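Q: I have a structure here, written as C-alpha cells, and I will follow up with some questions on it.
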Amino acid sequence: MTCPDPTMPEAVAAAGDPRRALVLAHELGARLPTPGHGETAALWSALAGLGATDLTVARAVEPHLDALAILDQAGDPDLTPLQVDGTSTWGVFAAEGPGARLEATYGDDEWTLTGTKPWCSLAGLVSHALVTAWTSPRSRRLFAVRVAGPEVTVSDQPWQARGLTAVTSVPVEMAAAPAVPVGDDGWYLARPGFAWGGIGVAAVWYGGAVGLARRLAAPTSRPLDQIGEAHLGAVDAVLTAAGTLLADAAARVDDGRADGPAGAALALRVRQVVRRAAEEVLDRCHHALGPGPLVGEAEHAARVADLQLYLRQEHAERDQAALGRHLVDHPEDAAW
C-alpha cells in the first residue's frame, strides 16, 4: 500500500488543531470511498497519508470516516430527529470501562440513553456520535446521538496525556438523550465492517511510522553513518512488509474474503503486524537519531509521543491471545 507524500495542504494547515481537522474530516467524507466497495486501498492510503502528515489530524478524521461507513453499512437510517445535516461531524464511542455504563431505554415510541460512556474522543467538539449502549444485562446496540444536545454533558476532567494532547478522550454523561438505533442488538460487532474499521486505524499507525521513517531518511544536521544506514534499511524492510499486508487486506475486503471469522482474524493479524512494525520504527529512530530530535524538534517529538499513545489502541499480548484462540477454533483462517 502506498502512503502519499506528507504535504497534503489541508492536513498540514490543520496540524495539531482538532477543530480544523474536523472541518477536513467533513470534506474528506464527501470524497473518499467507504471500505468494501472496490476502493478500500485508496481509503486506507489516504488515512496513512494523514498519519504521515499529523497524527492529531488523522485521529480526528478517522472516526468521522468510520462513522460514515457504519451508517452506510446500516442502510443510512433516518437521523433527522437528531438534527443531522450537511455540517455534522461524528465520533464513534464504543469503549467500556469499570464503573461506567450507558443504558438504552425504549418508551413513548423513542429510544433514550442514560448513564456514562467512557473514552469519548473529541466529545466536546463533534456534533454527533455513534455510541454503544446496553439494551439488556447482556446485549448492546449501536445508537446515533446528538452530542451537542442539552441531555449530554462532556466531562471536564484533566487529560494528562503527553501524546495526542489535543485529542481528549473523556467520559460523557447522558440523561435521557434522544437516540436513533443503528442496526439490531449485536450488529455493531458482528458486521464485517467492524474488522475493516480496525484495519483502517492500523493504516493510520502505518502512516505515523512512515512519517518517522522519512525523518530518519532525511537527517537535518549530519549524514547517517553505517549504523544509521543499517537502521534505515531495517525500517524500510518492516514498513514494506506492513504496507504489503495492508494492501493485501484491502484486496480481501473488496473481493469478499474478509467477512465473518476470516475478517476478524485478518484484522487481528494486520493490526499486530503494523503495531510491531511501528514500534520497531520508533525504537530504531531512537537509536539512530539519538536524543537531539526529541528535545530540539517539536514536530518529531510530538510525532513520537502521539504514535506511542495511538498504538495502545492495539491490545498487544491480549490481541495475540485473541488471534491464537481464533485460530484454534478456526484453523482454516491461518495464513500459513
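Each chain in the C-alpha cells gets a letter, A, B and so on, in the order shown; residues start at 1 in every chain, and ligands are counted from 1 in the order they appear.
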To test your reading of the structure, identify every residue in region 80-297 of chain A that backbone DSSP assigns to alpha helix (DSSP H), and report it as a PyMOL selection string.
A: chain A and resi 187-190+192-217+226-254+260-289+292-296
Q: Quick one: everything within 10 Å of Arg191 (chain A), counting only C-alpha atoms, minus sequence neighbours fewer than 2 positions away in the same chain. Send it as a ChimeraX atom specification.
A: /A:70,73-74,183,186-189,193-196,259-260,263
Q: In Å, with one decimal, what is the gap from CA of Gly75 (chain A) to CA of Pro118 (chain A)?
A: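 Spanning CA of Gly75 (chain A) to CA of Pro118 (chain A) is a straight-line distance of 27.3 Å.
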Q: Residues near Arg284 (chain A), anyone? I mean within 9 Å using only C-alpha atoms, not counting same-chain ones fewer than 4 positions away, as number ranges by chain.
A: A: 228, 231-232, 234-235, 279-280, 288-289
Q: By how many Å are CA of Ser121 (chain A) and CA of Arg215 (chain A) apart?
A: 28.3 Å
Q: Between CA of Gly124 (chain A) and CA of Asp108 (chain A), what is the distance, to one decimal in Å?
A: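 Here the two named atoms are 29.1 Å from each other.
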